[in-house]
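Novice: For reference, the structure I am asking about is given below.
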Amino acid sequence: MKYDIKNIQLADNGRVRIEWAERDMPVLRQVRARFEQEKPLAGKKLSACLHVTAETANLMRTLKAGGAEVVLCASNPLSTQDDVAASLVRDYQIPVFAINGEDHATYYAHIRTAIEHHPVITMDDGADLVSNIHSDYPEVAAQVIGSMEETTTGVIRLRAMAKDGALKFPVIAVNDATTKNLFDNRYGTGQSTVDGIIRATDILLAGKNVVVAGYGWCGRGFASRCRGMGSNVIITEVDPIRALEAAMDGFRVMPMIEAAKEGDLFCTLTGDIHVIRPEHMQVMKDGAIIANSGHFNVEIDLEGLQKLAVKGPTEVRRLVDEYILPNSRRIYVLAEGRLINLAAAEGHPASVMDMSFATQALATEWVAKNNGNLAVKVHNVPSDIEDWVSKLKLKSMKIEIDELTEEQKEYLSSWEMGT
Ligand code: ADE
């Protein structure tokens, strides 16, 4: 078996982490148990480009249990858990091509290796596999029956491809499933972003002015966690409805150029480019900290900062780079502007990835069942998958809910009753 990982000797520790995560993934465990029996993915070659974490390892085990021939590469150069990669190779015989800290060339070489596996199903977190297949591998594009996308940024890219008529195979927007974004993006990103910032800096959040760029699900989650820890949170937005929502949720809302003067800590969660630019950095306070929790490292204009700075980057602590500006103020950038929750912490906790990855596994089964019959477009996850995942998650949390009475069902379906 071919693979490219940091060190196979790390596997013992990786296995412990995979098993620890598994304990908190009851829905995915059930999917795996059924897949073992029914083998819905039998003989299907599957390439996945995901963050190589303990939670992803449990998804890979599930897909393999379903009969898929799985290969895994990293969806970000800084997020790979090398011990998990080692255990996937040694204990689960799953080929992994991912090394934490890999350079640009290695990152793309790993993606190419995953494509050269000749998958019929692909899975992405950020659409790097799909875009590379589209640009360089027409013969692979012709055989892919469907592809799952895990994250907001990836779905934005895929919708742009579909709009331009460039998309060559069906894709499933797993990110857009409620069982994914409502929980993973809000509670997962909320908690893991706080976790990453604290692990990188050890700062106290209480009393800090925290500027949150973007009030989508991820921004909402992070803002509410920071408020819970005693920060004064300021939101910046470009969407008037989201800005209103933030204001009515009780946050201060202002343009970045104003927020820049007030913030002690800045975090971007927008999915867009150059949200924090030199004109903002120039007015920041001495000691301001800037982090990004969006998928790509484009949200902070680091080239602009480099041109502006008279000194730096100087690594003053692991994953903390100091830049000194002409006005002598110091600015700290975390994890080179890469997504802080996976670069400095361990990503979202298993309990929330349980729902995202159960949805991923079931969407994969759906693609396999509809082999060749799906239209070439961006599909939503079927609602019965979402229903099943949410009911099972509730059950695993020992939470019961009410059922509609017959009278209530009738009331809801009629327009004549009880007005
Ligand atoms: N994205 C965010 N957190 C993650 C995790 N723990 N595993 C895989 N992908 C993630």
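To be explicit about the labels: the chains of the structure tokens are called A, B, and onward in the order shown, and within each one the residues are counted from 1, while ligands get numbers from 1 in the order they are shown.
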Can I get the residues close to ligand 1 as a list in words, where close means within 8 Å and we count only C-alpha atoms and all ligand atoms?
Specialist: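 Residues lying within 8 Å of ligand 1: Leu50, His51, Val52, Thr53, Ala54, Glu55, Thr56, Asp125, Asp184, Gly188, Thr189, Ser192, Asn341, Leu342, Glu346, Gly347, His348, Pro349, Ala350 and Met353 of chain A.
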Novice: Using only C-alpha atoms, I'd like a table of the residues in stretch 104-151 of chain A that come within 9 Å of stretch 371-382 of chain A; for each, show the closest atom pair and its distance in Å rounded to one decimal, ordered by chain and ascending number, as a tab-separated table.
Specialist:
```
residue	atom	partner	partner_atom	distance
A:Val144	CA	A:Gly372	CA	8.9
A:Ile145	CA	A:Gly372	CA	5.7
A:Gly146	CA	A:Leu374	CA	8.0
```
Novice: Need to verify the contact set: stretch 324-333 of chain A, 8 Å, only C-alpha atoms, exclusion of same-chain residues closer than 6 positions in sequence. Can you return it as a PyMOL selection string?
Specialist: chain A and resi 281-282+284-291+308-312
Novice: I'd like the neighbourhood of A:Lys168 as number ranges by chain, where a residue qualifies if any of its atoms comes within 12 Å (using only C-alpha atoms), though same-chain residues fewer than 3 positions away should be ignored.
Specialist: A: 130-131, 133-135, 137-147, 158, 161-165, 171, 374-378
Novice: Could those selected residues go to a file with N, CA and C atoms, as a PDB file, in the first residue's frame?
Specialist:
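Output file out-v7.pdb follows:
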```pdb
ATOM      1  N   VAL A 130     -12.151  18.737  -6.601  1.00  0.00           N
ATOM      2  CA  VAL A 130     -13.029  18.980  -7.747  1.00  0.00           C
ATOM      3  C   VAL A 130     -12.385  19.973  -8.714  1.00  0.00           C
ATOM      4  N   SER A 131     -11.803  21.070  -8.202  1.00  0.00           N
ATOM      5  CA  SER A 131     -11.231  22.033  -9.159  1.00  0.00           C
ATOM      6  C   SER A 131     -10.046  21.436  -9.898  1.00  0.00           C
ATOM      7  N   ILE A 133      -9.528  18.252 -10.570  1.00  0.00           N
ATOM      8  CA  ILE A 133     -10.039  17.275 -11.546  1.00  0.00           C
ATOM      9  C   ILE A 133     -10.551  18.015 -12.779  1.00  0.00           C
ATOM     10  N   HIS A 134     -11.287  19.106 -12.531  1.00  0.00           N
ATOM     11  CA  HIS A 134     -11.853  19.852 -13.664  1.00  0.00           C
ATOM     12  C   HIS A 134     -10.767  20.467 -14.544  1.00  0.00           C
ATOM     13  N   SER A 135      -9.693  20.971 -13.896  1.00  0.00           N
ATOM     14  CA  SER A 135      -8.715  21.656 -14.754  1.00  0.00           C
ATOM     15  C   SER A 135      -7.724  20.698 -15.424  1.00  0.00           C
ATOM     16  N   TYR A 137      -7.728  16.833 -15.206  1.00  0.00           N
ATOM     17  CA  TYR A 137      -7.989  15.392 -15.365  1.00  0.00           C
ATOM     18  C   TYR A 137      -9.357  15.138 -16.020  1.00  0.00           C
ATOM     19  N   PRO A 138      -9.500  15.469 -17.304  1.00  0.00           N
ATOM     20  CA  PRO A 138     -10.811  15.277 -17.955  1.00  0.00           C
ATOM     21  C   PRO A 138     -11.271  13.818 -17.919  1.00  0.00           C
ATOM     22  N   GLU A 139     -10.312  12.871 -17.974  1.00  0.00           N
ATOM     23  CA  GLU A 139     -10.707  11.445 -17.998  1.00  0.00           C
ATOM     24  C   GLU A 139     -11.290  11.035 -16.635  1.00  0.00           C
ATOM     25  N   VAL A 140     -10.811  11.640 -15.558  1.00  0.00           N
ATOM     26  CA  VAL A 140     -11.378  11.349 -14.230  1.00  0.00           C
ATOM     27  C   VAL A 140     -12.748  12.033 -14.104  1.00  0.00           C
ATOM     28  N   ALA A 141     -12.824  13.272 -14.572  1.00  0.00           N
ATOM     29  CA  ALA A 141     -14.105  14.005 -14.512  1.00  0.00           C
ATOM     30  C   ALA A 141     -15.202  13.204 -15.204  1.00  0.00           C
ATOM     31  N   ALA A 142     -14.846  12.534 -16.286  1.00  0.00           N
ATOM     32  CA  ALA A 142     -15.854  11.805 -17.073  1.00  0.00           C
ATOM     33  C   ALA A 142     -16.409  10.593 -16.313  1.00  0.00           C
ATOM     34  N   GLN A 143     -15.647  10.099 -15.329  1.00  0.00           N
ATOM     35  CA  GLN A 143     -16.130   8.891 -14.649  1.00  0.00           C
ATOM     36  C   GLN A 143     -16.701   9.154 -13.251  1.00  0.00           C
ATOM     37  N   VAL A 144     -16.581  10.404 -12.745  1.00  0.00           N
ATOM     38  CA  VAL A 144     -17.091  10.697 -11.397  1.00  0.00           C
ATOM     39  C   VAL A 144     -18.628  10.749 -11.426  1.00  0.00           C
ATOM     40  N   ILE A 145     -19.262   9.957 -10.540  1.00  0.00           N
ATOM     41  CA  ILE A 145     -20.736   9.943 -10.524  1.00  0.00           C
ATOM     42  C   ILE A 145     -21.294  10.957  -9.515  1.00  0.00           C
ATOM     43  N   GLY A 146     -20.434  11.455  -8.635  1.00  0.00           N
ATOM     44  CA  GLY A 146     -20.902  12.464  -7.685  1.00  0.00           C
ATOM     45  C   GLY A 146     -19.816  12.824  -6.693  1.00  0.00           C
ATOM     46  N   SER A 147     -19.954  14.044  -6.143  1.00  0.00           N
ATOM     47  CA  SER A 147     -18.934  14.544  -5.220  1.00  0.00           C
ATOM     48  C   SER A 147     -19.606  15.285  -4.068  1.00  0.00           C
ATOM     49  N   LEU A 158     -18.322  25.861  -6.065  1.00  0.00           N
ATOM     50  CA  LEU A 158     -19.062  24.924  -6.924  1.00  0.00           C
ATOM     51  C   LEU A 158     -20.263  25.602  -7.579  1.00  0.00           C
ATOM     52  N   MET A 161     -19.041  27.507 -10.434  1.00  0.00           N
ATOM     53  CA  MET A 161     -18.748  26.628 -11.582  1.00  0.00           C
ATOM     54  C   MET A 161     -20.043  26.248 -12.300  1.00  0.00           C
ATOM     55  N   ALA A 162     -21.075  25.902 -11.510  1.00  0.00           N
ATOM     56  CA  ALA A 162     -22.354  25.497 -12.104  1.00  0.00           C
ATOM     57  C   ALA A 162     -22.944  26.666 -12.907  1.00  0.00           C
ATOM     58  N   LYS A 163     -22.839  27.866 -12.347  1.00  0.00           N
ATOM     59  CA  LYS A 163     -23.405  29.053 -13.002  1.00  0.00           C
ATOM     60  C   LYS A 163     -22.720  29.320 -14.349  1.00  0.00           C
ATOM     61  N   ASP A 164     -21.399  29.074 -14.390  1.00  0.00           N
ATOM     62  CA  ASP A 164     -20.639  29.287 -15.632  1.00  0.00           C
ATOM     63  C   ASP A 164     -20.779  28.134 -16.611  1.00  0.00           C
ATOM     64  N   GLY A 165     -21.533  27.086 -16.237  1.00  0.00           N
ATOM     65  CA  GLY A 165     -21.654  25.906 -17.106  1.00  0.00           C
ATOM     66  C   GLY A 165     -20.377  25.073 -17.122  1.00  0.00           C
ATOM     67  N   VAL A 171     -22.667  17.462  -7.832  1.00  0.00           N
ATOM     68  CA  VAL A 171     -22.055  17.646  -6.511  1.00  0.00           C
ATOM     69  C   VAL A 171     -23.171  17.818  -5.477  1.00  0.00           C
ATOM     70  N   LEU A 374     -28.051  11.231 -11.482  1.00  0.00           N
ATOM     71  CA  LEU A 374     -28.183  12.580 -10.917  1.00  0.00           C
ATOM     72  C   LEU A 374     -27.829  13.618 -11.969  1.00  0.00           C
ATOM     73  N   ALA A 375     -28.585  14.715 -11.988  1.00  0.00           N
ATOM     74  CA  ALA A 375     -28.281  15.786 -12.946  1.00  0.00           C
ATOM     75  C   ALA A 375     -26.955  16.451 -12.569  1.00  0.00           C
ATOM     76  N   VAL A 376     -26.274  16.985 -13.572  1.00  0.00           N
ATOM     77  CA  VAL A 376     -25.009  17.691 -13.319  1.00  0.00           C
ATOM     78  C   VAL A 376     -25.334  19.083 -12.787  1.00  0.00           C
ATOM     79  N   LYS A 377     -25.387  19.184 -11.463  1.00  0.00           N
ATOM     80  CA  LYS A 377     -25.677  20.477 -10.811  1.00  0.00           C
ATOM     81  C   LYS A 377     -25.311  20.346  -9.332  1.00  0.00           C
ATOM     82  N   VAL A 378     -25.539  21.407  -8.577  1.00  0.00           N
ATOM     83  CA  VAL A 378     -25.310  21.348  -7.131  1.00  0.00           C
ATOM     84  C   VAL A 378     -26.609  20.873  -6.477  1.00  0.00           C
TER      85      VAL A 378
END
```
Novice: Select, from A:Gly66, A:Gly250, A:Gly214, A:Pro95, the residue with the minimum atom-to-atom distance to A:Ile235, counting only C-alpha atoms.
Specialist: A:Gly214
Novice: Would you list the contacts of A:Val31 as a PDB file with all heavy atoms, in the first residue's frame, taking every protein, DNA or RNA residue within 8 Å and counting only C-alpha atoms, but skipping same-chain residues closer than 5 positions in sequence?
Specialist:
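Okay, this is what ended up in around_30.pdb:
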```
ATOM      1  N   THR A  62     -15.946   4.379   8.155  1.00  0.00           N
ATOM      2  CA  THR A  62     -17.343   4.110   7.783  1.00  0.00           C
ATOM      3  C   THR A  62     -17.451   3.837   6.282  1.00  0.00           C
ATOM      4  O   THR A  62     -18.123   2.893   5.851  1.00  0.00           O
ATOM      5  CB  THR A  62     -18.218   5.318   8.174  1.00  0.00           C
ATOM      6  OG1 THR A  62     -17.986   5.602   9.546  1.00  0.00           O
ATOM      7  CG2 THR A  62     -19.689   5.063   7.935  1.00  0.00           C
ATOM      8  N   ALA A 358     -22.035  11.848   9.493  1.00  0.00           N
ATOM      9  CA  ALA A 358     -23.110  10.893   9.210  1.00  0.00           C
ATOM     10  C   ALA A 358     -23.844  11.376   7.950  1.00  0.00           C
ATOM     11  O   ALA A 358     -24.178  10.587   7.055  1.00  0.00           O
ATOM     12  CB  ALA A 358     -24.067  10.789  10.390  1.00  0.00           C
ATOM     13  N   ALA A 361     -21.672  10.520   4.964  1.00  0.00           N
ATOM     14  CA  ALA A 361     -21.684   9.087   4.615  1.00  0.00           C
ATOM     15  C   ALA A 361     -22.994   8.722   3.922  1.00  0.00           C
ATOM     16  O   ALA A 361     -23.005   7.984   2.924  1.00  0.00           O
ATOM     17  CB  ALA A 361     -21.478   8.247   5.877  1.00  0.00           C
ATOM     18  N   LEU A 362     -24.112   9.266   4.428  1.00  0.00           N
ATOM     19  CA  LEU A 362     -25.410   8.918   3.840  1.00  0.00           C
ATOM     20  C   LEU A 362     -25.589   9.582   2.467  1.00  0.00           C
ATOM     21  O   LEU A 362     -26.212   9.008   1.567  1.00  0.00           O
ATOM     22  CB  LEU A 362     -26.541   9.319   4.793  1.00  0.00           C
ATOM     23  CG  LEU A 362     -26.525   8.521   6.112  1.00  0.00           C
ATOM     24  CD1 LEU A 362     -27.548   9.084   7.085  1.00  0.00           C
ATOM     25  CD2 LEU A 362     -26.797   7.038   5.872  1.00  0.00           C
TER      26      LEU A 362
END
```
Novice: Residues near A:Glu36, anyone? I mean within 12 Å using only C-alpha atoms, not counting same-chain ones fewer than 6 positions away, as a PyMOL selection string.
Specialist: chain A and resi 29-30+42+61-68
Novice: Atoms to include: N, CA, C and O atoms. Write the selected residues as a PDB file, in the first residue's frame.
Specialist:
```
ATOM      1  N   ARG A  29     -21.504   5.873  14.098  1.00  0.00           N
ATOM      2  CA  ARG A  29     -21.290   4.447  14.446  1.00  0.00           C
ATOM      3  C   ARG A  29     -22.437   3.592  13.906  1.00  0.00           C
ATOM      4  O   ARG A  29     -22.223   2.495  13.398  1.00  0.00           O
ATOM      5  N   GLN A  30     -23.648   4.116  14.013  1.00  0.00           N
ATOM      6  CA  GLN A  30     -24.805   3.358  13.489  1.00  0.00           C
ATOM      7  C   GLN A  30     -24.740   3.216  11.981  1.00  0.00           C
ATOM      8  O   GLN A  30     -25.088   2.180  11.431  1.00  0.00           O
ATOM      9  N   ALA A  42     -19.836  -0.939  -2.276  1.00  0.00           N
ATOM     10  CA  ALA A  42     -18.942  -2.040  -2.690  1.00  0.00           C
ATOM     11  C   ALA A  42     -18.234  -1.738  -4.007  1.00  0.00           C
ATOM     12  O   ALA A  42     -18.877  -1.405  -5.004  1.00  0.00           O
ATOM     13  N   ARG A  61     -13.307   5.194   8.097  1.00  0.00           N
ATOM     14  CA  ARG A  61     -13.618   3.810   8.508  1.00  0.00           C
ATOM     15  C   ARG A  61     -15.025   3.433   8.051  1.00  0.00           C
ATOM     16  O   ARG A  61     -15.279   2.303   7.625  1.00  0.00           O
ATOM     17  N   THR A  62     -15.946   4.379   8.155  1.00  0.00           N
ATOM     18  CA  THR A  62     -17.343   4.110   7.783  1.00  0.00           C
ATOM     19  C   THR A  62     -17.451   3.837   6.282  1.00  0.00           C
ATOM     20  O   THR A  62     -18.123   2.893   5.851  1.00  0.00           O
ATOM     21  N   LEU A  63     -16.776   4.679   5.499  1.00  0.00           N
ATOM     22  CA  LEU A  63     -16.866   4.515   4.038  1.00  0.00           C
ATOM     23  C   LEU A  63     -16.213   3.195   3.621  1.00  0.00           C
ATOM     24  O   LEU A  63     -16.720   2.471   2.757  1.00  0.00           O
ATOM     25  N   LYS A  64     -15.111   2.877   4.292  1.00  0.00           N
ATOM     26  CA  LYS A  64     -14.441   1.608   3.977  1.00  0.00           C
ATOM     27  C   LYS A  64     -15.336   0.432   4.379  1.00  0.00           C
ATOM     28  O   LYS A  64     -15.453  -0.567   3.654  1.00  0.00           O
ATOM     29  N   ALA A  65     -15.992   0.557   5.538  1.00  0.00           N
ATOM     30  CA  ALA A  65     -16.905  -0.508   5.980  1.00  0.00           C
ATOM     31  C   ALA A  65     -18.017  -0.713   4.958  1.00  0.00           C
ATOM     32  O   ALA A  65     -18.526  -1.825   4.780  1.00  0.00           O
ATOM     33  N   GLY A  66     -18.393   0.363   4.273  1.00  0.00           N
ATOM     34  CA  GLY A  66     -19.431   0.273   3.240  1.00  0.00           C
ATOM     35  C   GLY A  66     -18.929  -0.343   1.948  1.00  0.00           C
ATOM     36  O   GLY A  66     -19.682  -0.459   0.987  1.00  0.00           O
ATOM     37  N   GLY A  67     -17.626  -0.668   1.884  1.00  0.00           N
ATOM     38  CA  GLY A  67     -17.089  -1.344   0.702  1.00  0.00           C
ATOM     39  C   GLY A  67     -16.297  -0.442  -0.220  1.00  0.00           C
ATOM     40  O   GLY A  67     -15.778  -0.898  -1.246  1.00  0.00           O
ATOM     41  N   ALA A  68     -16.181   0.859   0.131  1.00  0.00           N
ATOM     42  CA  ALA A  68     -15.449   1.770  -0.762  1.00  0.00           C
ATOM     43  C   ALA A  68     -13.944   1.537  -0.661  1.00  0.00           C
ATOM     44  O   ALA A  68     -13.429   1.163   0.396  1.00  0.00           O
TER      45      ALA A  68
END
```
Novice: Hey, which of A:Leu129, A:Ile385, A:Leu404, A:Met417 ends up closest to A:Ala177? Count only C-alpha atoms.
Specialist: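 Closest to A:Ala177 of all the choices is A:Ile385.
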Novice: Which parts of stretch 122-266 of chain A does DSSP call helix (DSSP H, G or I) when run on the backbone here, written out as a ChimeraX atom specification?
Specialist: /A:128-136,138-141,152-163,174-176,178-201,217-228,240-248,256-262
Novice: Those residues with C-alpha atoms, as a PDB file, in the first residue's frame please?
Specialist:
```
ATOM      1  CA  ASP A 128      -9.645  21.514  -4.194  1.00  0.00           C
ATOM      2  CA  LEU A 129     -10.136  17.962  -5.535  1.00  0.00           C
ATOM      3  CA  VAL A 130     -13.029  18.980  -7.747  1.00  0.00           C
ATOM      4  CA  SER A 131     -11.231  22.033  -9.159  1.00  0.00           C
ATOM      5  CA  ASN A 132      -8.052  20.072  -9.911  1.00  0.00           C
ATOM      6  CA  ILE A 133     -10.039  17.275 -11.546  1.00  0.00           C
ATOM      7  CA  HIS A 134     -11.853  19.852 -13.664  1.00  0.00           C
ATOM      8  CA  SER A 135      -8.715  21.656 -14.754  1.00  0.00           C
ATOM      9  CA  ASP A 136      -6.246  18.789 -15.288  1.00  0.00           C
ATOM     10  CA  PRO A 138     -10.811  15.277 -17.955  1.00  0.00           C
ATOM     11  CA  GLU A 139     -10.707  11.445 -17.998  1.00  0.00           C
ATOM     12  CA  VAL A 140     -11.378  11.349 -14.230  1.00  0.00           C
ATOM     13  CA  ALA A 141     -14.105  14.005 -14.512  1.00  0.00           C
ATOM     14  CA  THR A 152     -19.279  26.946   2.779  1.00  0.00           C
ATOM     15  CA  THR A 153     -16.258  28.138   0.759  1.00  0.00           C
ATOM     16  CA  GLY A 154     -16.336  24.978  -1.363  1.00  0.00           C
ATOM     17  CA  VAL A 155     -20.053  25.297  -2.051  1.00  0.00           C
ATOM     18  CA  ILE A 156     -19.526  28.933  -3.134  1.00  0.00           C
ATOM     19  CA  ARG A 157     -16.852  27.755  -5.624  1.00  0.00           C
ATOM     20  CA  LEU A 158     -19.062  24.924  -6.924  1.00  0.00           C
ATOM     21  CA  ARG A 159     -22.087  27.147  -7.405  1.00  0.00           C
ATOM     22  CA  ALA A 160     -19.878  29.564  -9.382  1.00  0.00           C
ATOM     23  CA  MET A 161     -18.748  26.628 -11.582  1.00  0.00           C
ATOM     24  CA  ALA A 162     -22.354  25.497 -12.104  1.00  0.00           C
ATOM     25  CA  LYS A 163     -23.405  29.053 -13.002  1.00  0.00           C
ATOM     26  CA  VAL A 174     -23.413  18.677   2.349  1.00  0.00           C
ATOM     27  CA  ASN A 175     -22.464  22.000   3.945  1.00  0.00           C
ATOM     28  CA  ASP A 176     -25.936  23.340   3.217  1.00  0.00           C
ATOM     29  CA  THR A 178     -29.220  21.834   8.311  1.00  0.00           C
ATOM     30  CA  THR A 179     -27.742  18.849  10.134  1.00  0.00           C
ATOM     31  CA  LYS A 180     -24.370  20.257   9.081  1.00  0.00           C
ATOM     32  CA  ASN A 181     -24.268  24.040   9.075  1.00  0.00           C
ATOM     33  CA  LEU A 182     -26.637  24.807  11.943  1.00  0.00           C
ATOM     34  CA  PHE A 183     -24.536  22.760  14.349  1.00  0.00           C
ATOM     35  CA  ASP A 184     -21.064  22.293  12.869  1.00  0.00           C
ATOM     36  CA  ASN A 185     -20.701  25.875  11.562  1.00  0.00           C
ATOM     37  CA  ARG A 186     -22.278  27.488  14.614  1.00  0.00           C
ATOM     38  CA  TYR A 187     -21.311  25.424  17.650  1.00  0.00           C
ATOM     39  CA  GLY A 188     -18.322  23.634  16.107  1.00  0.00           C
ATOM     40  CA  THR A 189     -16.619  26.700  14.628  1.00  0.00           C
ATOM     41  CA  GLY A 190     -17.726  28.821  17.576  1.00  0.00           C
ATOM     42  CA  GLN A 191     -16.017  26.614  20.140  1.00  0.00           C
ATOM     43  CA  SER A 192     -13.009  25.455  18.126  1.00  0.00           C
ATOM     44  CA  THR A 193     -12.115  28.999  17.039  1.00  0.00           C
ATOM     45  CA  VAL A 194     -12.047  30.139  20.663  1.00  0.00           C
ATOM     46  CA  ASP A 195     -10.016  27.004  21.428  1.00  0.00           C
ATOM     47  CA  GLY A 196      -7.473  27.717  18.655  1.00  0.00           C
ATOM     48  CA  ILE A 197      -7.009  31.365  19.616  1.00  0.00           C
ATOM     49  CA  ILE A 198      -6.517  30.488  23.273  1.00  0.00           C
ATOM     50  CA  ARG A 199      -4.100  27.625  22.548  1.00  0.00           C
ATOM     51  CA  ALA A 200      -2.060  29.880  20.238  1.00  0.00           C
ATOM     52  CA  THR A 201      -1.949  32.947  22.493  1.00  0.00           C
ATOM     53  CA  TRP A 217     -23.365  30.689  11.004  1.00  0.00           C
ATOM     54  CA  CYS A 218     -19.648  30.558  11.839  1.00  0.00           C
ATOM     55  CA  GLY A 219     -19.463  34.228  12.819  1.00  0.00           C
ATOM     56  CA  ARG A 220     -22.652  33.954  14.876  1.00  0.00           C
ATOM     57  CA  GLY A 221     -21.254  30.970  16.729  1.00  0.00           C
ATOM     58  CA  PHE A 222     -17.901  32.589  17.453  1.00  0.00           C
ATOM     59  CA  ALA A 223     -19.475  35.918  18.475  1.00  0.00           C
ATOM     60  CA  SER A 224     -21.845  34.265  20.939  1.00  0.00           C
ATOM     61  CA  ARG A 225     -19.061  32.113  22.490  1.00  0.00           C
ATOM     62  CA  CYS A 226     -16.879  35.230  22.937  1.00  0.00           C
ATOM     63  CA  ARG A 227     -19.751  37.112  24.523  1.00  0.00           C
ATOM     64  CA  GLY A 228     -20.219  34.171  26.870  1.00  0.00           C
ATOM     65  CA  PRO A 240     -27.755  44.413   5.582  1.00  0.00           C
ATOM     66  CA  ILE A 241     -29.993  41.626   6.934  1.00  0.00           C
ATOM     67  CA  ARG A 242     -27.161  39.922   8.764  1.00  0.00           C
ATOM     68  CA  ALA A 243     -25.975  43.296  10.070  1.00  0.00           C
ATOM     69  CA  LEU A 244     -29.484  43.979  11.403  1.00  0.00           C
ATOM     70  CA  GLU A 245     -29.624  40.536  12.972  1.00  0.00           C
ATOM     71  CA  ALA A 246     -26.284  41.153  14.691  1.00  0.00           C
ATOM     72  CA  ALA A 247     -27.507  44.514  15.970  1.00  0.00           C
ATOM     73  CA  MET A 248     -30.719  42.972  17.321  1.00  0.00           C
ATOM     74  CA  MET A 256     -14.045  47.461   9.623  1.00  0.00           C
ATOM     75  CA  ILE A 257     -12.222  50.804   9.350  1.00  0.00           C
ATOM     76  CA  GLU A 258     -13.959  51.905  12.578  1.00  0.00           C
ATOM     77  CA  ALA A 259     -13.743  48.524  14.305  1.00  0.00           C
ATOM     78  CA  ALA A 260     -10.029  48.397  13.470  1.00  0.00           C
ATOM     79  CA  LYS A 261      -9.355  51.227  15.939  1.00  0.00           C
ATOM     80  CA  GLU A 262     -11.148  49.447  18.777  1.00  0.00           C
TER      81      GLU A 262
END
```
